[in-house]
$ cat model.cif   # mmCIF, C-alpha atoms and all ligand atoms
data_query
#
loop_
_atom_site.label_atom_id
_atom_site.label_comp_id
_atom_site.auth_asym_id
_atom_site.auth_seq_id
_atom_site.Cartn_x
_atom_site.Cartn_y
_atom_site.Cartn_z
CA MET A 28 102.13 84.39 -82.11
CA ARG A 29 101.69 85.98 -78.67
CA ASP A 30 101.19 83.35 -76.00
CA ASP A 31 99.83 85.56 -73.22
CA GLY A 32 97.30 83.62 -71.22
CA TRP A 33 98.14 80.20 -72.70
CA PRO A 34 98.57 77.54 -69.96
CA SER A 35 101.97 76.61 -68.51
CA PRO A 36 103.94 79.77 -69.34
CA GLU A 37 106.76 78.40 -67.13
CA LYS A 38 107.34 75.63 -69.70
CA ARG A 39 108.10 78.29 -72.31
CA GLN A 40 110.74 79.94 -70.13
CA ALA A 41 114.24 78.69 -69.43
CA PRO A 42 116.00 80.75 -66.75
CA LYS A 43 119.68 79.85 -66.47
CA SER A 44 119.24 79.88 -62.68
CA ARG A 45 117.09 76.72 -62.82
CA PRO A 46 118.57 73.19 -62.77
CA ASN A 47 116.63 72.04 -65.88
CA TYR A 48 118.09 74.83 -68.07
CA ALA A 49 120.11 72.28 -70.10
CA VAL A 50 116.87 70.55 -71.15
CA ARG A 51 114.48 73.45 -71.47
CA ALA A 52 116.52 76.15 -73.23
CA PRO A 53 117.55 73.97 -76.21
CA LEU A 54 114.09 72.36 -76.39
CA LEU A 55 112.36 75.75 -76.60
CA ALA A 56 114.82 77.05 -79.20
CA TRP A 57 114.35 73.90 -81.31
CA LEU A 58 110.54 73.88 -81.14
CA ARG A 59 110.28 77.60 -81.80
CA ALA A 60 112.53 77.24 -84.87
CA GLU A 61 110.50 74.23 -86.08
CA GLY A 62 107.26 76.20 -85.66
CA GLU A 63 108.66 79.11 -87.68
CA ARG A 64 109.99 76.76 -90.36
CA SER A 65 106.60 75.00 -90.60
CA PHE A 66 104.82 78.30 -91.15
CA ARG A 67 107.43 79.47 -93.69
CA GLU A 68 107.20 76.26 -95.72
CA HIS A 69 103.49 75.45 -95.41
CA GLY A 70 101.60 78.53 -94.23
CA LYS A 71 98.62 77.79 -91.99
CA THR A 72 97.85 74.40 -93.54
CA LEU A 73 99.28 71.74 -91.25
CA ARG A 74 97.30 69.13 -89.39
CA VAL A 75 99.20 68.91 -86.09
CA LEU A 76 98.89 66.10 -83.54
CA ASP A 77 100.39 66.65 -80.07
CA VAL A 78 100.88 63.21 -78.47
CA GLY A 79 101.10 63.15 -74.67
CA CYS A 80 100.03 66.77 -74.95
CA GLY A 81 99.38 67.54 -71.25
CA ASP A 82 98.30 71.17 -71.42
CA LYS A 83 99.76 71.68 -74.96
CA PRO A 84 102.56 73.97 -73.72
CA TYR A 85 104.07 74.40 -77.20
CA TYR A 86 100.86 75.17 -79.08
CA PRO A 87 101.84 78.88 -79.29
CA TYR A 88 104.95 77.94 -81.32
CA PHE A 89 102.89 76.05 -83.92
CA ALA A 90 99.70 78.12 -83.88
CA ASP A 91 100.64 80.07 -87.02
CA ALA A 92 101.24 76.88 -89.04
CA ALA A 93 98.41 74.75 -87.64
CA ALA A 94 95.15 74.51 -89.57
CA THR A 95 94.13 72.03 -86.88
CA TYR A 96 95.90 71.20 -83.60
CA VAL A 97 94.73 68.05 -81.80
CA GLY A 98 96.01 66.94 -78.41
CA VAL A 99 95.91 63.33 -77.21
CA ASP A 100 96.90 62.08 -73.77
CA VAL A 101 96.26 59.11 -71.48
CA VAL A 102 95.27 61.53 -68.73
CA PRO A 103 92.18 63.66 -69.44
CA GLY A 104 92.53 67.43 -69.03
CA PRO A 105 91.20 70.76 -70.26
CA GLN A 106 93.56 70.78 -73.29
CA VAL A 107 93.16 67.07 -74.11
CA ASP A 108 90.97 66.57 -77.19
CA LEU A 109 91.29 62.78 -77.36
CA VAL A 110 92.00 60.41 -74.49
CA GLY A 111 94.27 57.59 -75.56
CA GLY A 112 97.79 56.19 -75.42
CA VAL A 113 100.56 56.61 -77.94
CA GLU A 114 100.76 52.82 -78.32
CA ALA A 115 97.24 52.82 -79.90
CA LEU A 116 96.44 56.34 -81.08
CA PRO A 117 92.70 56.94 -81.63
CA VAL A 118 93.22 58.58 -85.07
CA PRO A 119 93.28 57.22 -88.68
CA ASP A 120 96.42 56.27 -90.64
CA ALA A 121 98.39 59.12 -92.26
CA SER A 122 96.05 61.78 -90.85
CA PHE A 123 98.62 64.34 -89.57
CA ASP A 124 101.38 66.37 -91.27
CA LEU A 125 103.24 67.22 -88.09
CA VAL A 126 103.31 64.99 -85.01
CA LEU A 127 104.76 66.35 -81.76
CA CYS A 128 105.72 64.04 -78.92
CA THR A 129 107.71 65.98 -76.33
CA GLN A 130 109.01 64.36 -73.14
CA VAL A 131 106.62 61.40 -73.41
CA LEU A 132 108.63 58.41 -74.71
CA GLU A 133 110.30 57.81 -71.34
CA HIS A 134 106.81 57.37 -69.81
CA VAL A 135 105.29 54.81 -72.19
CA ASP A 136 104.96 51.06 -71.68
CA SER A 137 106.34 50.17 -75.12
CA PRO A 138 108.61 52.66 -76.92
CA ALA A 139 108.73 50.36 -79.98
CA ARG A 140 104.95 50.27 -80.29
CA ALA A 141 104.80 54.04 -79.69
CA ILE A 142 107.28 54.83 -82.48
CA ALA A 143 105.43 52.54 -84.91
CA GLU A 144 102.19 54.35 -84.06
CA LEU A 145 103.77 57.76 -84.59
CA ARG A 146 104.80 56.55 -88.05
CA ARG A 147 101.33 55.13 -88.79
CA VAL A 148 99.55 58.43 -88.17
CA THR A 149 102.08 60.60 -90.08
CA ALA A 150 101.04 61.57 -93.62
CA PRO A 151 103.43 61.03 -96.57
CA GLY A 152 106.14 63.70 -96.42
CA GLY A 153 105.13 64.56 -92.84
CA ARG A 154 107.42 64.90 -89.83
CA VAL A 155 107.57 63.67 -86.26
CA LEU A 156 109.30 65.93 -83.74
CA LEU A 157 110.06 63.98 -80.58
CA SER A 158 112.14 64.79 -77.53
CA THR A 159 113.11 62.51 -74.67
CA HIS A 160 115.70 62.16 -71.94
CA GLY A 161 119.22 60.81 -72.03
CA VAL A 162 119.82 61.49 -68.32
CA GLN A 163 117.19 62.73 -65.89
CA VAL A 164 116.01 62.15 -62.34
CA TYR A 165 113.11 59.76 -61.86
CA HIS A 166 109.88 61.66 -62.65
CA PRO A 167 106.75 59.49 -63.02
CA SER A 168 104.00 60.94 -65.27
CA PRO A 169 102.22 58.62 -64.65
CA GLY A 170 105.10 56.06 -65.12
CA ASP A 171 108.83 56.64 -65.81
CA TYR A 172 110.51 53.67 -67.50
CA TRP A 173 113.23 54.59 -70.02
CA ARG A 174 116.39 56.61 -70.73
CA TRP A 175 118.21 56.79 -74.07
CA THR A 176 121.47 57.17 -75.90
CA ARG A 177 121.60 58.94 -79.27
CA THR A 178 122.32 55.70 -81.11
CA GLY A 179 119.70 53.80 -79.11
CA LEU A 180 117.02 56.26 -80.20
CA GLU A 181 118.19 56.09 -83.82
CA LYS A 182 118.00 52.30 -83.67
CA ALA A 183 114.53 52.36 -82.10
CA PHE A 184 113.23 54.56 -84.94
CA ARG A 185 114.96 52.59 -87.71
CA GLU A 186 113.49 49.34 -86.36
CA ASN A 187 109.95 50.64 -85.91
CA GLY A 188 108.42 52.08 -89.04
CA SER A 189 109.79 52.97 -92.46
CA TRP A 190 111.21 56.47 -92.23
CA ALA A 191 112.78 58.45 -95.08
CA GLU A 192 115.15 60.10 -92.64
CA VAL A 193 115.80 60.07 -88.90
CA THR A 194 118.01 62.64 -87.17
CA VAL A 195 118.80 62.50 -83.46
CA ARG A 196 120.71 65.36 -81.82
CA PRO A 197 121.50 66.03 -78.17
CA GLY A 198 119.95 69.27 -76.96
CA SER A 199 123.06 70.23 -74.99
CA GLY A 200 126.50 68.93 -74.04
CA THR A 201 128.13 66.82 -71.35
CA ALA A 202 129.08 69.64 -68.97
CA ALA A 203 125.50 70.95 -69.19
CA CYS A 204 124.20 67.49 -68.26
CA VAL A 205 126.51 67.25 -65.23
CA ALA A 206 125.46 70.79 -64.23
CA LEU A 207 121.80 69.74 -64.46
CA LEU A 208 122.32 66.91 -61.97
CA LEU A 209 124.53 68.94 -59.63
CA GLY A 210 122.09 71.86 -59.80
CA TYR A 211 119.12 69.64 -59.01
CA TYR A 212 120.66 68.18 -55.86
CA ILE A 213 122.29 71.42 -54.71
CA LYS A 214 118.86 73.08 -54.87
CA LEU A 215 117.33 70.19 -52.94
CA LEU A 216 119.97 70.36 -50.19
CA LEU A 217 119.81 74.14 -49.89
CA GLU A 218 116.02 74.02 -49.64
CA LYS A 219 116.28 71.39 -46.89
CA ALA A 220 118.73 73.68 -45.07
CA ARG A 221 116.14 76.51 -45.46
CA VAL A 222 118.49 78.61 -47.59
CA GLY A 223 116.85 77.80 -50.93
CA PHE A 224 117.36 81.40 -52.11
CA LEU A 225 121.07 80.59 -52.50
CA SER A 226 120.36 78.00 -55.21
CA ARG A 227 119.60 80.52 -57.97
CA PRO A 228 123.01 82.25 -58.08
CA LEU A 229 124.80 78.92 -57.62
CA VAL A 230 122.86 77.19 -60.41
CA LEU A 231 123.29 80.23 -62.64
CA ALA A 232 127.08 80.01 -62.14
CA LEU A 233 127.03 76.26 -62.77
CA ASN A 234 125.04 76.54 -65.99
CA THR A 235 127.12 79.45 -67.28
CA THR A 236 130.36 77.54 -66.64
CA ALA A 237 128.97 74.37 -68.21
CA GLU A 238 127.88 76.19 -71.36
CA THR A 239 131.36 77.66 -71.75
CA LEU A 240 133.03 74.28 -71.19
CA ASP A 241 130.79 72.55 -73.76
CA ARG A 242 131.45 75.31 -76.30
CA ARG A 243 135.22 75.31 -75.81
CA THR A 244 135.93 71.59 -75.37
CA ALA A 245 135.28 69.42 -78.41
CA THR A 246 134.95 66.22 -76.33
CA LEU A 247 132.39 67.69 -73.92
CA GLY A 248 130.37 69.38 -76.64
CA GLY A 249 130.50 66.34 -78.95
CA ILE A 250 128.69 63.02 -79.27
CA GLY A 251 131.51 60.47 -78.92
CA PRO A 252 132.34 57.89 -76.22
CA GLY A 253 132.40 59.36 -72.72
CA THR A 254 129.71 61.95 -73.40
CA LEU A 255 126.49 62.34 -71.43
CA HIS A 256 123.35 64.10 -72.64
CA ALA A 257 120.31 65.32 -70.73
CA ASN A 258 117.88 65.35 -73.66
CA TYR A 259 117.60 64.39 -77.31
CA HIS A 260 115.68 65.96 -80.19
CA VAL A 261 114.49 63.60 -82.92
CA VAL A 262 113.25 64.59 -86.38
CA ALA A 263 111.76 61.62 -88.26
CA GLU A 264 110.42 62.14 -91.77
CA ALA A 265 107.87 59.88 -93.44
CA PRO A 266 108.53 59.02 -97.10
CA ARG A 267 106.61 61.09 -99.71
C1 LIG B 1 106.34 64.96 -68.85
S1 LIG B 1 104.73 65.15 -69.48
C2 LIG B 1 105.01 66.01 -71.02
C3 LIG B 1 103.82 66.84 -71.42
C4 LIG B 1 104.05 67.71 -72.66
N1 LIG B 1 104.18 66.89 -73.85
C5 LIG B 1 105.29 68.56 -72.48
O1 LIG B 1 106.24 68.44 -73.27
O2 LIG B 1 105.31 69.37 -71.54
C6 LIG B 1 104.35 63.50 -70.07
C7 LIG B 1 102.95 63.44 -70.66
O3 LIG B 1 102.78 62.19 -71.33
C8 LIG B 1 101.53 61.64 -70.99
N2 LIG B 1 101.62 60.19 -71.17
C9 LIG B 1 102.21 59.28 -70.36
N3 LIG B 1 102.12 58.06 -70.89
C10 LIG B 1 101.48 58.19 -72.08
C11 LIG B 1 101.08 57.28 -73.11
N4 LIG B 1 101.33 55.97 -73.00
N5 LIG B 1 100.42 57.77 -74.18
C12 LIG B 1 100.16 59.11 -74.28
N6 LIG B 1 100.50 60.00 -73.35
C13 LIG B 1 101.16 59.56 -72.26
C14 LIG B 1 101.31 62.09 -69.56
O4 LIG B 1 99.96 62.03 -69.17
C15 LIG B 1 101.85 63.53 -69.63
O5 LIG B 1 100.88 64.46 -70.04
#
$ encode --input "model.cif" --output "structure tokens"
Amino acid sequence: MRDDGWPSPEKRQAPKSRPNYAVRAPLLAWLRAEGERSFREHGKTLRVLDVGCGDKPYYPYFADAAATYVGVDVVPGPQVDLVGGVEALPVPDASFDLVLCTQVLEHVDSPARAIAELRRVTAPGGRVLLSTHGVQVYHPSPGDYWRWTRTGLEKAFRENGSWAEVTVRPGSGTAACVALLLGYYIKLLLEKARVGFLSRPLVLALNTTAETLDRRTATLGGIGPGTLHANYHVVAEAPR
């Protein structure tokens, strides 16, 4: 689907010259692939719920597969169909086939309650696609309370709701995560020194180097002890 004119086009772009490249590029690739897969497997039949939707930046990826696309958020806005929190979603049990919850879990009062609610509203055989941070700077929206490890997220899902399957994968590797932090503060310092234009080539070089290091070094690109990840992608499937 063309997304010309849909709000927040910047959220659907991931220039390598920006510090958050390590979060955004893998997130976009993942969501785009999930949208295509949904359409391939189900056609335009899915009832989609976007939890903590903001301005529904990823609607264009799921538009082909969505028979209905409902956005819920604690903060009202032009794209928010229902005002409510993920800890007590204002929708019936098992009423959605696909539940999106991108970059929200770190902002909620109770992640355990939120995960149980995501499970409650997912129909049998349905899927939750959730992303949240491993490492990130403080960014209240409206609060900012939590960071995760891969195994911590797996445990939180296993302990909150009966899931047929839960998969948690880091979006990018350890070098990419270090580059994200370095890039963020380099940009800040350069902007303070009124030479902000220098940040783009520097961050581009950082991100390019980091990607190469993660690809070529098993430890950096892996998930074992000593690794550090900027963002995680969770797929949680409800039993049929
Ligand atoms: C970082 S933004 C992410 C927006 C969008 N999902 C995205 O990926 O761009 C976090 C969103 O979660 C919403 N939010 C924060 N706490 C929430 C809660 N307890 N329940 C539902 N939404 C919440 C915020 O209002 C905001 O729209």
$ atom_distance --input "model.cif" --atom1 "CA of Ala90 in chain A" --atom2 "CA of Val78 in chain A"
15.9 Å
$ residues_near_ligand --input "model.cif" --ligand "ligand LIG 1 (chain B)" --cutoff "9 Å" --atoms "only C-alpha atoms and all ligand atoms" --output "VMD selection string"
chain A and resid 35 38 77 to 85 99 to 104 110 to 116 127 to 138 141 158 166 to 171
$ residues_around --input "model.cif" --residues "Val126 in chain A" --least-positions-apart "3" --cutoff "9 Å" --atoms "all atoms listed in the file" --output "number ranges by chain"
A: 74-78, 123, 145, 148-149, 153-157
$ closest_residue --input "model.cif" --among "A:Ala220, A:Leu233, A:Ala150, A:Ala203" --to "Pro53 in chain A" --atoms "only C-alpha atoms"
A:Ala203
$ residues_near_point --input "model.cif" --point "(119.2, 63.1, -70.4)" --cutoff "9 Å" --atoms "all atoms listed in the file" --output "VMD selection string"
chain A and resid 50 159 to 164 174 to 176 197 204 255 to 259
$ atom_distance --input "model.cif" --atom1 "CA of Pro228 in chain A" --atom2 "CA of Ala52 in chain A"
17.6 Å
$ closest_residue --input "model.cif" --among "A:Pro87, A:Gly253, A:Gly62, A:Pro117" --to "Pro36 in chain A" --atoms "only C-alpha atoms"
A:Pro87
$ atom_distance --input "model.cif" --atom1 "CA of Ile142 in chain A" --atom2 "CA of Ala49 in chain A"
24.9 Å
$ closest_residue --input "model.cif" --among "A:Tyr86, A:Arg177, A:Ala139, A:Gly188" --to "Thr254 in chain A" --atoms "only C-alpha atoms"
A:Arg177
$ residues_around --input "model.cif" --residues "Val195 in chain A" --least-positions-apart "3" --cutoff "9 Å" --atoms "only C-alpha atoms" --output "PDB file with C-alpha atoms, in the coordinates of the input"
ATOM      1  CA  ARG A 177     121.600  58.940 -79.270  1.00  0.00           C
ATOM      2  CA  THR A 178     122.320  55.700 -81.110  1.00  0.00           C
ATOM      3  CA  LEU A 180     117.020  56.260 -80.200  1.00  0.00           C
ATOM      4  CA  GLU A 181     118.190  56.090 -83.820  1.00  0.00           C
ATOM      5  CA  TYR A 259     117.600  64.390 -77.310  1.00  0.00           C
ATOM      6  CA  HIS A 260     115.680  65.960 -80.190  1.00  0.00           C
ATOM      7  CA  VAL A 261     114.490  63.600 -82.920  1.00  0.00           C
ATOM      8  CA  VAL A 262     113.250  64.590 -86.380  1.00  0.00           C
ATOM      9  CA  ALA A 263     111.760  61.620 -88.260  1.00  0.00           C
TER      10      ALA A 263
END
$ residues_near_point --input "model.cif" --point "(128.0, 77.0, -66.9)" --cutoff "12 Å" --atoms "all atoms listed in the file" --output "VMD selection string"
chain A and resid 43 to 46 48 to 49 199 to 207 209 to 210 228 to 243
